[in-house]
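Asks: File name target-v4.csv; file contents CSV, C-alpha atoms; full text below.
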```csv
chain,number,residue,atom,x,y,z
A,1379,MET,CA,10.1,24.9,24.7
A,1380,ARG,CA,8.4,27.0,22.1
A,1381,LEU,CA,10.4,25.3,19.3
A,1382,ILE,CA,9.5,21.8,20.5
A,1383,LEU,CA,5.8,22.8,20.5
A,1384,GLN,CA,6.1,24.2,17.0
A,1385,LEU,CA,7.8,21.0,15.8
A,1386,ILE,CA,5.1,18.9,17.3
A,1387,VAL,CA,2.4,20.9,15.5
A,1388,ILE,CA,4.2,20.6,12.2
A,1389,CYS,CA,4.7,16.8,12.6
A,1390,ALA,CA,1.1,16.2,13.7
A,1391,LEU,CA,-0.2,18.2,10.8
A,1392,ALA,CA,2.1,16.5,8.3
A,1393,ALA,CA,1.2,13.0,9.6
A,1394,GLY,CA,-2.5,13.8,9.8
A,1395,ALA,CA,-2.8,15.3,6.3
A,1396,GLY,CA,-0.4,13.0,4.5
A,1397,LEU,CA,-1.3,9.7,6.0
A,1398,GLY,CA,-5.0,10.7,6.2
A,1399,LEU,CA,-5.1,11.5,2.5
A,1400,THR,CA,-3.4,8.2,1.7
A,1401,TRP,CA,-5.9,6.2,3.9
A,1402,LEU,CA,-8.8,8.0,2.1
A,1403,ALA,CA,-7.3,7.6,-1.4
A,1404,VAL,CA,-6.8,3.9,-1.0
A,1405,ARG,CA,-10.4,3.3,0.0
A,1406,HIS,CA,-12.0,5.9,-2.3
A,1407,PRO,CA,-9.4,6.3,-5.1
A,1408,PRO,CA,-9.8,9.5,-7.2
A,1409,SER,CA,-11.1,8.8,-10.7
A,1410,LEU,CA,-8.3,9.7,-13.0
A,1411,GLU,CA,-9.1,7.8,-16.2
A,1412,THR,CA,-12.6,6.5,-15.5
A,1413,ILE,CA,-15.0,5.5,-18.3
A,1414,VAL,CA,-18.5,6.3,-17.1
A,1415,ALA,CA,-21.5,4.7,-18.7
A,1416,GLY,CA,-24.7,5.3,-16.7
A,1417,PRO,CA,-24.1,3.6,-13.3
A,1418,TRP,CA,-21.1,1.7,-14.6
A,1419,ARG,CA,-17.5,2.7,-14.1
A,1420,ALA,CA,-14.4,1.2,-15.5
A,1421,GLU,CA,-10.8,2.2,-14.7
A,1422,ALA,CA,-9.3,2.4,-18.2
A,1423,THR,CA,-5.7,1.8,-17.3
A,1424,GLU,CA,-6.0,-0.5,-14.2
A,1425,GLY,CA,-4.9,-3.5,-16.3
A,1426,SER,CA,-2.0,-2.0,-18.0
A,1427,PRO,CA,1.6,-1.0,-17.2
A,1428,GLY,CA,0.4,2.7,-17.3
A,1429,VAL,CA,-1.7,2.2,-14.2
A,1430,ASP,CA,-1.7,5.3,-11.9
A,1431,ALA,CA,-0.4,5.2,-8.3
A,1432,TYR,CA,-3.9,5.8,-6.8
A,1433,THR,CA,-5.5,2.9,-8.7
A,1434,LEU,CA,-2.6,0.6,-8.0
A,1435,ALA,CA,-2.7,1.4,-4.3
A,1436,ALA,CA,-6.5,0.7,-4.2
A,1437,LEU,CA,-6.0,-2.6,-6.0
A,1438,ALA,CA,-3.3,-3.6,-3.6
A,1439,GLN,CA,-5.4,-2.8,-0.6
A,1440,ARG,CA,-8.3,-4.9,-2.0
A,1441,GLY,CA,-5.8,-7.7,-3.0
A,1442,GLU,CA,-7.3,-7.7,-6.5
A,1443,ALA,CA,-5.6,-8.8,-9.7
A,1444,PRO,CA,-7.3,-6.6,-12.3
A,1445,LEU,CA,-8.4,-7.8,-15.7
A,1446,ALA,CA,-5.6,-6.9,-18.1
A,1447,VAL,CA,-6.5,-4.4,-20.9
A,1448,ALA,CA,-5.8,-7.0,-23.6
A,1449,ASP,CA,-8.1,-9.4,-21.8
A,1450,GLY,CA,-11.1,-7.1,-21.4
A,1451,LEU,CA,-12.6,-4.3,-19.3
A,1452,THR,CA,-14.3,-4.3,-15.9
A,1453,PHE,CA,-17.3,-2.1,-15.3
A,1454,ARG,CA,-18.4,-1.8,-11.6
A,1455,ALA,CA,-21.7,-0.5,-10.4
A,1456,GLU,CA,-22.4,0.4,-6.8
A,1457,THR,CA,-25.7,2.3,-7.5
A,1458,ASP,CA,-28.7,1.9,-9.8
A,1459,SER,CA,-29.3,4.1,-12.8
A,1460,ASP,CA,-31.0,6.7,-10.5
A,1461,GLY,CA,-27.9,6.9,-8.3
A,1462,ASN,CA,-29.3,5.0,-5.3
A,1463,ARG,CA,-26.9,2.6,-3.6
A,1464,LEU,CA,-27.6,-1.0,-4.5
A,1465,ASP,CA,-29.3,-2.8,-1.7
A,1466,GLY,CA,-29.7,-6.6,-1.6
A,1467,ARG,CA,-33.2,-6.4,0.0
A,1468,CYS,CA,-34.5,-4.5,-3.0
A,1469,SER,CA,-35.3,-5.8,-6.5
A,1470,TYR,CA,-33.6,-4.7,-9.7
A,1471,LEU,CA,-33.8,-5.3,-13.3
A,1472,VAL,CA,-30.6,-5.1,-15.4
A,1473,THR,CA,-32.0,-4.4,-18.9
A,1474,GLY,CA,-30.8,-3.2,-22.3
A,1475,ALA,CA,-28.4,-4.0,-25.0
A,1476,MET,CA,-25.0,-5.5,-24.4
A,1477,PRO,CA,-22.0,-4.5,-26.6
A,1478,THR,CA,-21.3,-7.1,-29.3
A,1479,VAL,CA,-18.3,-8.9,-27.8
A,1480,ARG,CA,-17.1,-12.5,-27.7
A,1481,VAL,CA,-17.8,-13.1,-24.0
A,1482,TRP,CA,-19.4,-10.9,-21.3
A,1483,SER,CA,-20.5,-11.6,-17.8
A,1484,ILE,CA,-22.6,-9.9,-15.1
A,1485,SER,CA,-22.1,-10.9,-11.5
A,1486,ALA,CA,-23.0,-9.7,-8.0
A,1487,TYR,CA,-20.4,-9.3,-5.2
A,1488,ASP,CA,-20.2,-8.2,-1.6
A,1489,GLU,CA,-17.8,-5.4,-0.6
A,1490,ARG,CA,-15.0,-7.8,0.1
A,1491,GLY,CA,-15.1,-9.3,-3.4
A,1492,ASN,CA,-17.0,-12.5,-2.6
A,1493,PRO,CA,-19.7,-13.5,-5.2
A,1494,LEU,CA,-23.0,-13.2,-3.3
A,1495,ASP,CA,-23.7,-16.4,-1.5
A,1496,ASN,CA,-27.0,-18.0,-2.2
A,1497,PRO,CA,-28.5,-21.6,-2.1
A,1498,ALA,CA,-28.9,-21.7,-5.9
A,1499,GLN,CA,-25.1,-21.0,-6.3
A,1500,ARG,CA,-26.2,-18.5,-9.0
A,1501,HIS,CA,-23.6,-15.7,-8.9
A,1502,GLY,CA,-24.2,-14.2,-12.3
A,1503,PHE,CA,-24.9,-14.7,-16.0
A,1504,THR,CA,-22.7,-14.9,-19.1
A,1505,LYS,CA,-23.4,-14.1,-22.8
A,1506,GLY,CA,-24.1,-17.8,-23.5
A,1507,GLU,CA,-26.5,-18.2,-20.6
A,1508,ALA,CA,-28.6,-15.0,-20.5
A,1509,MET,CA,-31.9,-14.9,-22.4
A,1510,LYS,CA,-32.2,-12.3,-25.1
A,1511,SER,CA,-35.3,-10.6,-26.5
A,1512,GLU,CA,-35.8,-10.4,-30.2
A,1513,SER,CA,-34.0,-7.1,-30.3
A,1514,GLY,CA,-31.1,-8.7,-28.5
A,1515,ASP,CA,-31.7,-7.0,-25.1
A,1516,ILE,CA,-31.0,-8.8,-21.9
A,1517,SER,CA,-33.2,-8.7,-18.8
A,1518,ILE,CA,-31.7,-10.0,-15.6
A,1519,ALA,CA,-33.5,-9.7,-12.3
A,1520,VAL,CA,-31.3,-9.1,-9.2
A,1521,GLY,CA,-32.7,-9.2,-5.7
A,1522,ALA,CA,-33.8,-11.3,-2.7
A,1523,SER,CA,-37.2,-12.4,-3.9
A,1524,ALA,CA,-37.5,-15.2,-6.4
A,1525,ARG,CA,-38.2,-14.3,-10.0
A,1526,GLY,CA,-38.9,-16.3,-13.2
A,1527,GLY,CA,-36.4,-15.9,-16.1
A,1528,ASP,CA,-32.8,-14.8,-15.4
A,1529,TRP,CA,-32.4,-14.0,-11.8
A,1530,ILE,CA,-29.4,-13.4,-9.6
A,1531,PRO,CA,-30.4,-14.0,-5.9
A,1532,THR,CA,-28.9,-11.5,-3.5
A,1533,GLY,CA,-29.5,-13.9,-0.5
A,1534,SER,CA,-29.1,-12.1,2.8
A,1535,ALA,CA,-26.8,-9.3,1.6
A,1536,ASP,CA,-27.6,-5.7,2.1
A,1537,ARG,CA,-24.9,-3.7,0.3
A,1538,PHE,CA,-23.7,-5.2,-2.9
A,1539,MET,CA,-22.2,-4.3,-6.2
A,1540,LEU,CA,-22.6,-5.5,-9.8
A,1541,ILE,CA,-19.6,-6.1,-12.1
A,1542,LEU,CA,-20.0,-6.3,-15.8
A,1543,ARG,CA,-17.0,-7.7,-17.7
A,1544,VAL,CA,-16.5,-7.6,-21.4
A,1545,TYR,CA,-13.8,-9.9,-22.7
A,1546,ASP,CA,-11.4,-9.9,-25.7
A,1547,THR,CA,-12.2,-6.3,-26.5
A,1548,THR,CA,-11.2,-2.7,-25.8
A,1549,ALA,CA,-13.0,0.4,-24.6
A,1550,GLY,CA,-12.8,1.9,-28.1
A,1551,ALA,CA,-14.2,-1.3,-29.8
A,1552,ILE,CA,-17.3,-1.5,-27.6
A,1553,ALA,CA,-17.9,2.2,-27.7
A,1554,GLY,CA,-18.3,2.1,-31.4
A,1555,GLY,CA,-17.2,5.6,-32.1
A,1556,ARG,CA,-19.1,7.1,-29.2
A,1557,SER,CA,-17.2,8.6,-26.3
A,1558,THR,CA,-18.6,5.9,-23.9
A,1559,PRO,CA,-20.1,2.5,-24.5
A,1560,GLU,CA,-23.9,1.9,-24.1
A,1561,LEU,CA,-24.5,-0.6,-21.3
A,1562,PRO,CA,-27.7,-1.9,-19.8
A,1563,ALA,CA,-29.5,0.2,-17.2
A,1564,ILE,CA,-30.0,-0.9,-13.6
A,1565,ARG,CA,-33.7,-0.2,-12.7
A,1566,ARG,CA,-35.0,-0.6,-9.2
A,1567,THR,CA,-38.3,-2.4,-9.4
A,1568,GLY,CA,-39.2,-2.6,-5.7
A,1569,CYS,CA,-38.0,-2.3,-2.2
A,1570,PRO,CA,-39.6,-3.6,1.1
A,1571,ALA,CA,-40.9,-0.7,3.1
B,355,MET,CA,2.1,35.0,10.7
B,356,ARG,CA,4.2,32.5,12.6
B,357,TRP,CA,1.2,30.1,12.8
B,358,PHE,CA,0.5,30.5,9.1
B,359,PHE,CA,4.1,29.5,8.4
B,360,LEU,CA,3.8,26.5,10.8
B,361,ILE,CA,0.6,25.2,9.1
B,362,ALA,CA,2.0,25.7,5.6
B,363,THR,CA,5.2,23.8,6.5
B,364,GLY,CA,3.1,21.0,8.1
B,365,LEU,CA,0.9,20.7,5.0
B,366,LEU,CA,3.9,20.7,2.7
B,367,ILE,CA,5.6,17.9,4.6
B,368,GLY,CA,2.2,16.2,4.7
B,369,GLY,CA,2.0,16.3,0.9
B,370,VAL,CA,5.4,14.7,0.6
B,371,LEU,CA,4.4,12.1,3.1
B,372,HIS,CA,1.2,11.4,1.2
B,373,ILE,CA,3.0,10.7,-2.0
B,374,VAL,CA,5.6,8.5,-0.3
B,375,SER,CA,3.1,6.5,1.6
B,376,LEU,CA,0.8,6.1,-1.5
B,377,LEU,CA,3.7,4.7,-3.5
B,378,ALA,CA,4.6,2.4,-0.6
B,379,VAL,CA,1.1,0.9,-0.3
B,380,PRO,CA,1.6,-1.8,-3.1
B,381,VAL,CA,4.9,-2.7,-1.5
B,382,VAL,CA,3.7,-3.0,2.1
B,383,ALA,CA,0.1,-4.1,1.6
B,384,PRO,CA,-0.1,-7.3,3.6
B,385,ARG,CA,-2.9,-8.9,1.6
B,386,ASP,CA,-2.2,-7.8,-1.9
B,387,ALA,CA,-2.7,-10.2,-4.9
B,388,TYR,CA,0.9,-11.6,-4.9
B,389,SER,CA,0.7,-12.3,-1.1
B,390,ARG,CA,-2.6,-14.1,-1.5
B,391,VAL,CA,-1.3,-16.3,-4.3
B,392,ARG,CA,1.8,-17.0,-2.2
B,393,GLU,CA,-0.5,-18.3,0.6
B,394,LEU,CA,-2.1,-20.8,-1.7
B,395,GLY,CA,1.0,-22.7,-2.7
B,396,PRO,CA,4.6,-22.9,-3.7
B,397,GLU,CA,6.1,-20.9,-6.6
B,398,ASN,CA,6.7,-22.3,-10.1
B,399,THR,CA,3.6,-24.3,-10.1
B,400,PHE,CA,-0.1,-23.7,-10.9
B,401,VAL,CA,-2.6,-23.5,-8.0
B,402,LYS,CA,-6.3,-23.5,-8.4
B,403,ILE,CA,-8.1,-20.4,-7.1
B,404,ASP,CA,-11.8,-20.6,-6.1
B,405,ALA,CA,-13.7,-17.5,-7.2
B,406,GLU,CA,-16.4,-18.2,-4.6
B,407,LYS,CA,-13.9,-17.5,-1.7
B,408,ALA,CA,-12.4,-14.0,-1.6
B,409,ASP,CA,-9.6,-15.4,0.6
B,410,GLY,CA,-8.0,-16.6,-2.6
B,411,LEU,CA,-8.3,-13.5,-4.8
B,412,PRO,CA,-11.3,-11.1,-4.5
B,413,PHE,CA,-13.5,-10.0,-7.4
B,414,LEU,CA,-12.7,-13.0,-9.6
B,415,ASP,CA,-15.4,-13.8,-12.2
B,416,PRO,CA,-17.5,-16.7,-10.9
B,417,ALA,CA,-18.2,-17.8,-14.4
B,418,PHE,CA,-14.5,-18.7,-14.8
B,419,LEU,CA,-12.1,-21.2,-13.5
B,420,HIS,CA,-8.8,-19.7,-12.3
B,421,LEU,CA,-5.2,-21.0,-12.0
B,422,ALA,CA,-2.3,-18.9,-10.7
B,423,CYS,CA,1.4,-19.5,-10.8
B,424,ARG,CA,3.9,-17.4,-8.9
B,425,PHE,CA,7.1,-17.2,-10.9
B,426,ASP,CA,10.7,-16.4,-10.0
B,427,LEU,CA,12.9,-15.7,-13.1
B,428,ARG,CA,16.2,-15.2,-11.2
B,429,ASP,CA,17.1,-18.8,-12.0
B,430,GLY,CA,16.3,-18.6,-15.7
B,431,PRO,CA,13.2,-18.6,-18.0
B,432,MET,CA,10.0,-20.4,-17.3
B,433,ARG,CA,7.8,-22.5,-19.6
B,434,VAL,CA,4.0,-22.0,-19.3
B,435,SER,CA,1.7,-24.3,-21.2
B,436,ILE,CA,-2.1,-24.1,-21.0
B,437,PRO,CA,-4.5,-26.5,-22.8
B,438,LEU,CA,-7.4,-24.7,-24.5
B,439,ALA,CA,-10.0,-26.4,-22.3
B,440,SER,CA,-12.9,-24.0,-22.8
B,441,ASP,CA,-14.4,-21.5,-25.3
B,442,TYR,CA,-12.4,-18.6,-23.9
B,443,ILE,CA,-9.1,-18.8,-22.1
B,444,SER,CA,-6.7,-16.1,-21.2
B,445,ALA,CA,-3.3,-15.8,-19.4
B,446,SER,CA,-2.4,-12.5,-17.8
B,447,PHE,CA,1.0,-11.7,-16.4
B,448,TYR,CA,1.4,-9.5,-13.4
B,449,THR,CA,4.5,-8.0,-11.6
B,450,ARG,CA,5.1,-8.4,-7.9
B,451,ASP,CA,2.9,-5.3,-7.3
B,452,ALA,CA,0.1,-6.7,-9.5
B,453,VAL,CA,0.7,-4.4,-12.5
B,454,ALA,CA,-0.6,-6.3,-15.5
B,455,PHE,CA,2.2,-6.2,-18.1
B,456,PHE,CA,1.0,-8.7,-20.6
B,457,SER,CA,-2.0,-10.7,-21.5
B,458,LEU,CA,-2.9,-13.1,-24.3
B,459,ASN,CA,-5.8,-15.4,-25.0
B,460,ASP,CA,-6.7,-18.5,-27.0
B,461,ARG,CA,-6.5,-16.6,-30.3
B,462,SER,CA,-2.7,-16.5,-29.9
B,463,ALA,CA,-2.4,-20.3,-29.7
B,464,THR,CA,-1.3,-22.1,-32.9
B,465,GLY,CA,-2.6,-25.5,-31.8
B,466,ARG,CA,-4.8,-26.8,-28.9
B,467,ILE,CA,-2.3,-25.6,-26.3
B,468,LEU,CA,-1.2,-22.1,-25.5
B,469,GLU,CA,2.6,-22.3,-25.1
B,470,ILE,CA,4.5,-19.4,-23.5
B,471,ASP,CA,8.2,-18.8,-23.1
B,472,LEU,CA,8.5,-16.4,-20.1
B,473,ARG,CA,11.7,-14.5,-19.6
B,474,ASP,CA,13.1,-11.7,-17.5
B,475,ALA,CA,13.6,-8.7,-19.8
B,476,ASN,CA,16.9,-7.9,-17.9
B,477,ASP,CA,18.2,-11.5,-18.2
B,478,GLU,CA,20.9,-11.0,-20.9
B,479,ALA,CA,21.9,-14.7,-20.9
B,480,SER,CA,18.5,-15.9,-22.0
B,481,LYS,CA,18.5,-13.7,-25.1
B,482,ALA,CA,21.0,-16.1,-26.7
B,483,THR,CA,18.5,-19.0,-26.6
B,484,GLU,CA,15.8,-19.2,-29.3
B,485,VAL,CA,12.2,-19.2,-28.5
B,486,ARG,CA,10.7,-22.7,-28.8
B,487,PRO,CA,8.7,-23.1,-32.0
B,488,GLY,CA,5.0,-22.5,-31.6
B,489,SER,CA,5.4,-20.6,-28.3
B,490,VAL,CA,4.8,-16.9,-27.5
B,491,LEU,CA,7.7,-15.0,-26.0
B,492,VAL,CA,6.7,-12.9,-22.9
B,493,MET,CA,9.2,-10.5,-21.4
B,494,SER,CA,8.7,-9.7,-17.7
B,495,PRO,CA,10.0,-6.3,-16.6
B,496,GLU,CA,10.8,-7.8,-13.2
B,497,PRO,CA,12.0,-11.3,-12.0
B,498,LEU,CA,9.1,-11.8,-9.6
B,499,GLY,CA,5.4,-11.9,-10.4
B,500,PHE,CA,2.5,-14.2,-11.2
B,501,VAL,CA,0.5,-15.6,-14.1
B,502,LEU,CA,-3.3,-15.8,-13.8
B,503,VAL,CA,-5.2,-18.1,-16.1
B,504,ARG,CA,-8.9,-17.5,-16.7
B,505,ALA,CA,-11.0,-20.2,-18.4
B,506,LEU,CA,-14.7,-19.6,-19.1
B,507,ALA,CA,-16.8,-22.4,-17.5
B,508,PRO,CA,-20.2,-21.0,-16.7
B,509,SER,CA,-22.2,-24.3,-16.8
B,510,PRO,CA,-21.9,-26.7,-13.9
B,511,SER,CA,-22.3,-29.6,-16.2
B,512,THR,CA,-19.1,-28.9,-18.2
B,513,ARG,CA,-17.2,-27.4,-15.3
B,514,LYS,CA,-15.6,-30.7,-14.2
B,515,THR,CA,-14.4,-31.7,-17.7
B,516,ILE,CA,-12.9,-28.2,-18.2
B,517,GLN,CA,-11.3,-28.4,-14.7
B,518,THR,CA,-9.7,-31.8,-15.5
B,519,GLU,CA,-8.3,-30.7,-18.8
B,520,LEU,CA,-7.1,-27.3,-17.3
B,521,ALA,CA,-5.3,-29.2,-14.6
B,522,ARG,CA,-2.8,-30.4,-17.2
B,523,SER,CA,-1.5,-26.8,-17.4
B,524,VAL,CA,2.2,-26.5,-16.5
B,525,CYS,CA,4.3,-23.6,-15.2
B,526,VAL,CA,7.9,-24.8,-14.7
B,527,PRO,CA,11.5,-23.6,-15.1
B,528,ALA,CA,12.4,-24.0,-18.8
B,529,ASN,CA,15.7,-25.8,-18.1
```
Represent the structure of the file as structure tokens.
Replies:
Amino acid sequence: MRLILQLIVICALAAGAGLGLTWLAVRHPPSLETIVAGPWRAEATEGSPGVDAYTLAALAQRGEAPLAVADGLTFRAETDSDGNRLDGRCSYLVTGAMPTVRVWSISAYDERGNPLDNPAQRHGFTKGEAMKSESGDISIAVGASARGGDWIPTGSADRFMLILRVYDTTAGAIAGGRSTPELPAIRRTGCPA
Amino acid sequence: MRWFFLIATGLLIGGVLHIVSLLAVPVVAPRDAYSRVRELGPENTFVKIDAEKADGLPFLDPAFLHLACRFDLRDGPMRVSIPLASDYISASFYTRDAVAFFSLNDRSATGRILEIDLRDANDEASKATEVRPGSVLVMSPEPLGFVLVRALAPSPSTRKTIQTELARSVCVPAN
């Protein structure tokens, strides 16, 4: 009787700890080889045969086919530059210099990976579309309330994320000798009370 | 002491279980990238994927048009041919578990069409045949996988033209 009880305790602990850790790791994968640039995060090896088991399991759970390393790099942002979670009811300005690459894009998604639905069907901007200042900086507004200039409407979404992709380049090339590339900041410009 | 031993044993087995289950996720995940591509159409042919609907594949770039082709190299090599319909086109190759093992873009093309000769790295018979002139040889580490084509098409005005030309892409058994 005592032995059975002990076996039950061991099994319960093993199942709880083991499967619980896996469940957690798939949803919030530990950052093993993450390139951090302000609010932006890129998994350096997700698009290569050297991808780690945690990153691969998280991709499989989301059903995502990552951008291959030779194709480009995917930077994801779930917060603004001050660390607050991105909220579709607020207004943001993505502003600063983009790395010099052949093609880049910035787009907004919900948590399931849908580009944010909006009547204008404007999901993001690419290098060719975005307006640039004389110094080459971009300035893209993101939020629910209409804006002049480049604007990504967030529609009725609350939580959302921004994805910045740089194509036909590598992390080393866009970093230009620095340890991390310099990417635009995400500034919150307003929030309804 | 006995309880310490019990807990330590439980956690140890738990650790092993964690590693095993983590490695199993890509294999058993019901809605992984390969399964999603399988739902969209038959293998050995290109199917269009809409970035606006995450039911196809999530987190695709909405500025791009996407084509996917599920390949099975057990019956021999495949021929993949993609017309360079837009300013930036890439073809990425993934294994069954969505590990990206190879990618190339329009800069690898010699003409106006990106020609690829896709073979199973373990297929000894195919090594005797020569690569077709003008095409790039891609060796897959596994017989099953998929190709994902990304074609830049941000402007609604040119999207249709690019889509029509991109539809001429082929993904077929080589023989």
Asks: Could you please select, counting all atoms listed in the file, the residues of chain B within 6 Å of chain A and state them as an MDAnalysis selection string?
Replies: chainID B and resid 364:365 367:369 371:372 376 379:380 385:387 406:408 412:413 453:455 457
Asks: Can I get the selection written as a short mmCIF file (atom, residue, chain, number, x, y, z; two decimals), in the frame of the given file, with C-alpha atoms?
Replies:
```cif
data_model
loop_
_atom_site.label_atom_id
_atom_site.label_comp_id
_atom_site.auth_asym_id
_atom_site.auth_seq_id
_atom_site.Cartn_x
_atom_site.Cartn_y
_atom_site.Cartn_z
CA GLY B 364 3.10 21.00 8.10
CA LEU B 365 0.90 20.70 5.00
CA ILE B 367 5.60 17.90 4.60
CA GLY B 368 2.20 16.20 4.70
CA GLY B 369 2.00 16.30 0.90
CA LEU B 371 4.40 12.10 3.10
CA HIS B 372 1.20 11.40 1.20
CA LEU B 376 0.80 6.10 -1.50
CA VAL B 379 1.10 0.90 -0.30
CA PRO B 380 1.60 -1.80 -3.10
CA ARG B 385 -2.90 -8.90 1.60
CA ASP B 386 -2.20 -7.80 -1.90
CA ALA B 387 -2.70 -10.20 -4.90
CA GLU B 406 -16.40 -18.20 -4.60
CA LYS B 407 -13.90 -17.50 -1.70
CA ALA B 408 -12.40 -14.00 -1.60
CA PRO B 412 -11.30 -11.10 -4.50
CA PHE B 413 -13.50 -10.00 -7.40
CA VAL B 453 0.70 -4.40 -12.50
CA ALA B 454 -0.60 -6.30 -15.50
CA PHE B 455 2.20 -6.20 -18.10
CA SER B 457 -2.00 -10.70 -21.50
#
```
Asks: One number please: atom CA of Arg1463 of chain A to atom CA of Met1539 of chain A, in Å, one decimal.
Replies: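 Interatomic distance, atom CA of Arg1463 of chain A to atom CA of Met1539 of chain A: 8.7 Å.
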Asks: Would you please work out which residue, of B:Thr464, B:Pro431, B:Asp426, B:Arg450, is nearest to Val382 of chain B when using all atoms listed in the file?
Replies: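 Closest candidate: B:Arg450.
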Asks: Can you tell me how far atom CA of Arg486 of chain B sits from atom CA of Ala452 of chain B, in Å to one decimal?
Replies: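 Calculated distance between atom CA of Arg486 of chain B and atom CA of Ala452 of chain B is 27.2 Å.
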Asks: Find the spatial neighbours of Arg1454 of chain A, counting all atoms listed in the file, within a cut-off of 6 Å - ignore same-chain residues fewer than 3 positions away - and output them as an MDAnalysis selection string.
Replies: chainID A and resid 1418:1419 1540:1541
Asks: B:Tyr388, B:Ala378, B:Glu393, B:Leu414: which is nearest Thr1452 of chain A, counting all atoms listed in the file?
Replies: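 Between B:Tyr388, B:Ala378, B:Glu393, B:Leu414, the residue approaching Thr1452 of chain A most closely is B:Leu414.
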Asks: For a test of reading the model, state the distance in Å between atom CA of Ala1475 of chain A and atom CA of Val1544 of chain A, rounded to one decimal.
Replies: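 Computing the Euclidean distance for atom CA of Ala1475 of chain A and atom CA of Val1544 of chain A yields 12.9 Å.
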Asks: Counting all atoms listed in the file, which residues of segment 357-471 of chain B fall within 7 Å of segment 517-524 of chain B, and what is the closest atom pair for each with its distance in Å at one decimal, ordered by chain and rising number, as JSON lines?
Replies:
```
{"residue": "B:Thr399", "atom": "CA", "partner": "B:Val524", "partner_atom": "CA", "distance": 6.9}
{"residue": "B:Phe400", "atom": "CA", "partner": "B:Val524", "partner_atom": "CA", "distance": 6.7}
{"residue": "B:Val434", "atom": "CA", "partner": "B:Val524", "partner_atom": "CA", "distance": 5.6}
{"residue": "B:Ser435", "atom": "CA", "partner": "B:Val524", "partner_atom": "CA", "distance": 5.2}
{"residue": "B:Ile436", "atom": "CA", "partner": "B:Ser523", "partner_atom": "CA", "distance": 4.5}
{"residue": "B:Pro437", "atom": "CA", "partner": "B:Leu520", "partner_atom": "CA", "distance": 6.1}
{"residue": "B:Ala439", "atom": "CA", "partner": "B:Glu519", "partner_atom": "CA", "distance": 5.8}
```
Asks: Once you count all atoms listed in the file, which residues end up no further than 9 Å from (-30.5, -17.3, -3.1) in the file's frame, shown as a list in words?
Replies: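 It turns out the residues near that spot are Leu1494, Asp1495, Asn1496, Pro1497, Ala1498, Gln1499, Arg1500, Gly1521, Ala1522, Ser1523, Ala1524, Ile1530, Pro1531, Thr1532, Gly1533 and Ser1534 of chain A.
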Asks: How about saving the chosen residues, C-alpha atoms kept, as a PDB file, in the frame of the given file?
Replies:
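Output (out.pdb):
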```pdb
ATOM      1  CA  LEU A1494     -23.000 -13.200  -3.300  1.00  0.00           C
ATOM      2  CA  ASP A1495     -23.700 -16.400  -1.500  1.00  0.00           C
ATOM      3  CA  ASN A1496     -27.000 -18.000  -2.200  1.00  0.00           C
ATOM      4  CA  PRO A1497     -28.500 -21.600  -2.100  1.00  0.00           C
ATOM      5  CA  ALA A1498     -28.900 -21.700  -5.900  1.00  0.00           C
ATOM      6  CA  GLN A1499     -25.100 -21.000  -6.300  1.00  0.00           C
ATOM      7  CA  ARG A1500     -26.200 -18.500  -9.000  1.00  0.00           C
ATOM      8  CA  GLY A1521     -32.700  -9.200  -5.700  1.00  0.00           C
ATOM      9  CA  ALA A1522     -33.800 -11.300  -2.700  1.00  0.00           C
ATOM     10  CA  SER A1523     -37.200 -12.400  -3.900  1.00  0.00           C
ATOM     11  CA  ALA A1524     -37.500 -15.200  -6.400  1.00  0.00           C
ATOM     12  CA  ILE A1530     -29.400 -13.400  -9.600  1.00  0.00           C
ATOM     13  CA  PRO A1531     -30.400 -14.000  -5.900  1.00  0.00           C
ATOM     14  CA  THR A1532     -28.900 -11.500  -3.500  1.00  0.00           C
ATOM     15  CA  GLY A1533     -29.500 -13.900  -0.500  1.00  0.00           C
ATOM     16  CA  SER A1534     -29.100 -12.100   2.800  1.00  0.00           C
TER      17      SER A1534
END
```
